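Notes follow the structure.
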Amino acid sequence: MAWRTYSENDIASSLQWSCFMLSFFLFFFYGYQVYRKTCGWEVLYISAVEMVKYIIEIWWEKYSPATVTLSNGNEAAWLRYSEWLLTCPVILIALSRIGTADGTYSKRTMQLLTSDQGTIIMGITAALSSKATKVIFFLVGLCYGFNTFYTAAAVYLEAWKNVPEECKNLVKVMAYCFYSSWIMFPVLFILGPEGAGHITHDGSVIGHTIADLLSKNLWGILDWWLDYQLKMRLEMEMDDDNETEGEEDTNSQQMSTYKGKGASMRSESGDGDQSVVLVLDGSGTLTTFFQQQLSNVPVNVMAASSPEEVQTLASQGKGDFVLVPGNTELIARMKQNTSLPLVAVVEAGRPPPTGADEVVELPMIGQPYDNQHLINTFWNIRERRLAQDPGRSNNADVVALVSQLRTEVVRLKQELQVVKGSTSAPSEAGRPMAYI
């Protein structure tokens, strides 16, 4: 029985169909995960673009504008390049936030996007050029690409330091998958029809499809799995904290006495409503976190989905201050539209933004979080606003009562922690302690 031999065209076609089917499946899978809020929008978008790109490549690759014939007789795979322009920036957006608790973007996001755009534009220009011009643009593209790789390495290293111990290997696998697949693209450019021509068009399609399977499909699955693991861990930690608080119900009666003082203080000040902290938070995740951390002080934590909603609530007299993402431009814009103090929320270890009245850090996942600085920030701002607003503070006794209440709460917290430390079993290594 003779073995059937497969041509490069057969292998290329099989890989293209495989990539299409996998992207089709992942599109619906990620759609469900986005609905459940267990992954970001980026992987859903990437799988959608991949699915459309491969169905076009399978049926209409040789037609314009999928393939463009130049005046010098060369052909350019515009479908491939346009797909890079659509997906690579989104991959790097997802990369820039791996291992973070709040899913926000940083300065490195901009660095990755800038260098990636330079790499792709220089690569396309090199593909459209010939001889020395081709070499020059290719080398410039490599310089941009080196900066992309360097910045990505810093992101992976920081993520590896921040994630829990059981997720560190997953970050390593993501890094291996990223670099091994992305390095294939310049190599295929040099060897393929765009470069030296050592491999055929079908051979180039085979190589690029394998690179796509690794850099987009496999990396996207790993990114979703890391997001899922971190979200589940954070929810378990919050559940553990709630259980611990439930076990301390006997001590909560003492705390309610001091909360009663806070209510009396608000009544004397002429402010019948509870203090309000606004959280600029479109997803609701940060609001839940801060509600838990401020659960034992007299404050109502409210979510605001946009800066405009913050402005509306502030104009209604709601809010003592606003917790906002640590973005300098956002803070500067909000300063123009609201008189409320702005407290920047930044990831642990990140430099604080300029323009914020105060700064609080988010917890590192898997590390203990001390909410004392957050509570102190609340009391400091509350005291300043009471002292500066005659309509809310008829005399200095109100401010003095706030200070007394704050001291009593801190003292009681320390006593409860001592009681808990003497009656509770040691916490699991790497698990955060429950703070009241």
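Each chain in the structure tokens gets a letter, A, B and so on, in the order shown; residues start at 1 in every chain, and ligands are counted from 1 in the order they appear.
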Members of stretch 79-246 of chain A assigned alpha helix (DSSP H) by DSSP, as a ChimeraX atom specification: /A:79-96,107-128,131-162,168-182,184-191,201-212,219-246
Leaving out A:Ala94 and any residue of its chain fewer than 4 positions from it, which residues lie within 10 Å of it when counting only C-alpha atoms, given as an mmCIF file with N, CA and C atoms, in the first residue's frame?
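File produced: around-v9.cif:
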data_model
loop_
_atom_site.group_PDB
_atom_site.id
_atom_site.type_symbol
_atom_site.label_atom_id
_atom_site.label_comp_id
_atom_site.auth_asym_id
_atom_site.auth_seq_id
_atom_site.Cartn_x
_atom_site.Cartn_y
_atom_site.Cartn_z
ATOM 1 N N GLY A 40 -11.170 39.530 29.212
ATOM 2 C CA GLY A 40 -11.285 40.829 28.591
ATOM 3 C C GLY A 40 -11.824 40.727 27.166
ATOM 4 N N TRP A 41 -12.137 41.883 26.598
ATOM 5 C CA TRP A 41 -12.687 41.944 25.253
ATOM 6 C C TRP A 41 -11.651 41.615 24.189
ATOM 7 N N GLU A 42 -10.366 41.716 24.536
ATOM 8 C CA GLU A 42 -9.320 41.620 23.528
ATOM 9 C C GLU A 42 -9.304 40.265 22.816
ATOM 10 N N VAL A 43 -9.400 39.178 23.589
ATOM 11 C CA VAL A 43 -9.316 37.852 22.963
ATOM 12 C C VAL A 43 -10.529 37.584 22.080
ATOM 13 N N CYS A 88 -2.481 42.852 16.091
ATOM 14 C CA CYS A 88 -1.272 42.975 16.921
ATOM 15 C C CYS A 88 -1.396 44.042 18.005
ATOM 16 N N PRO A 89 -1.932 45.242 17.711
ATOM 17 C CA PRO A 89 -2.100 46.221 18.800
ATOM 18 C C PRO A 89 -3.005 45.714 19.915
ATOM 19 N N VAL A 90 -4.036 44.956 19.570
ATOM 20 C CA VAL A 90 -4.958 44.456 20.587
ATOM 21 C C VAL A 90 -4.287 43.374 21.434
ATOM 22 N N ILE A 98 -1.540 42.019 31.794
ATOM 23 C CA ILE A 98 -1.550 40.689 32.401
ATOM 24 C C ILE A 98 -1.036 40.781 33.832
ATOM 25 N N GLY A 103 -7.308 45.491 35.616
ATOM 26 C CA GLY A 103 -7.503 45.509 34.186
ATOM 27 C C GLY A 103 -7.287 46.842 33.516
ATOM 28 N N THR A 104 -6.627 47.767 34.180
ATOM 29 C CA THR A 104 -6.373 49.073 33.579
ATOM 30 C C THR A 104 -5.102 49.026 32.743
ATOM 31 N N TYR A 105 -4.931 50.044 31.900
ATOM 32 C CA TYR A 105 -3.788 50.124 31.019
ATOM 33 C C TYR A 105 -2.768 51.108 31.594
ATOM 34 N N THR A 109 1.548 50.299 27.871
ATOM 35 C CA THR A 109 0.602 50.047 26.785
ATOM 36 C C THR A 109 0.908 50.946 25.600
ATOM 37 N N GLY A 220 -4.004 33.559 23.254
ATOM 38 C CA GLY A 220 -5.289 34.050 23.740
ATOM 39 C C GLY A 220 -5.902 33.129 24.775
ATOM 40 N N ASP A 223 -4.027 33.651 27.969
ATOM 41 C CA ASP A 223 -4.404 34.934 28.571
ATOM 42 C C ASP A 223 -5.758 34.821 29.274
ATOM 43 N N TRP A 224 -6.714 34.159 28.611
ATOM 44 C CA TRP A 224 -8.008 33.951 29.263
ATOM 45 C C TRP A 224 -7.846 33.121 30.526
#
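The environment of A:Gly73 within 12 Å, counting only C-alpha atoms and disregarding residues fewer than 6 places along the same chain, consists of A:Leu128, A:Ser129, A:Ser130.
Between atom CA of A:Gly319 and atom CA of A:Ser275 the interatomic distance comes to 6.8 Å.
Nearest residue to A:Gly317, choosing from A:Glu347, A:Val187, A:Leu278, A:Leu113 and counting only C-alpha atoms: A:Leu278.
The space separating atom CA of A:Met122 from atom CA of A:Thr200 comes to 22.6 Å.
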Residues near A:Ala304, cut-off 6 Å, only C-alpha atoms, skip fewer than 4 positions along chain, as a list in words: Val279, Leu280, Asp281, Glu309 and Val310 of chain A
If you keep N, CA, C and O atoms, can you produce a file of those selected residues as a PDB file, in the first residue's frame?
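Final file, out.pdb:
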ATOM      1  N   VAL A 279     -16.752  55.978  43.145  1.00  0.00           N
ATOM      2  CA  VAL A 279     -15.709  55.176  42.499  1.00  0.00           C
ATOM      3  C   VAL A 279     -15.952  55.214  40.992  1.00  0.00           C
ATOM      4  O   VAL A 279     -17.002  54.763  40.525  1.00  0.00           O
ATOM      5  N   LEU A 280     -15.005  55.777  40.255  1.00  0.00           N
ATOM      6  CA  LEU A 280     -15.106  55.773  38.788  1.00  0.00           C
ATOM      7  C   LEU A 280     -14.736  54.377  38.310  1.00  0.00           C
ATOM      8  O   LEU A 280     -13.566  54.008  38.229  1.00  0.00           O
ATOM      9  N   ASP A 281     -15.764  53.579  38.002  1.00  0.00           N
ATOM     10  CA  ASP A 281     -15.543  52.149  37.781  1.00  0.00           C
ATOM     11  C   ASP A 281     -16.628  51.626  36.842  1.00  0.00           C
ATOM     12  O   ASP A 281     -17.779  51.458  37.242  1.00  0.00           O
ATOM     13  N   GLU A 309     -20.965  61.086  34.908  1.00  0.00           N
ATOM     14  CA  GLU A 309     -21.821  60.678  36.021  1.00  0.00           C
ATOM     15  C   GLU A 309     -21.274  61.183  37.344  1.00  0.00           C
ATOM     16  O   GLU A 309     -22.035  61.565  38.239  1.00  0.00           O
ATOM     17  N   VAL A 310     -19.946  61.189  37.485  1.00  0.00           N
ATOM     18  CA  VAL A 310     -19.331  61.768  38.680  1.00  0.00           C
ATOM     19  C   VAL A 310     -19.724  63.232  38.825  1.00  0.00           C
ATOM     20  O   VAL A 310     -20.094  63.703  39.908  1.00  0.00           O
TER      21      VAL A 310
END
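Shortest separation to A:Gln293 among A:Ile375, A:Leu86, A:Ile221, A:Leu313 occurs at residue A:Ile375, atoms counted being only C-alpha atoms.
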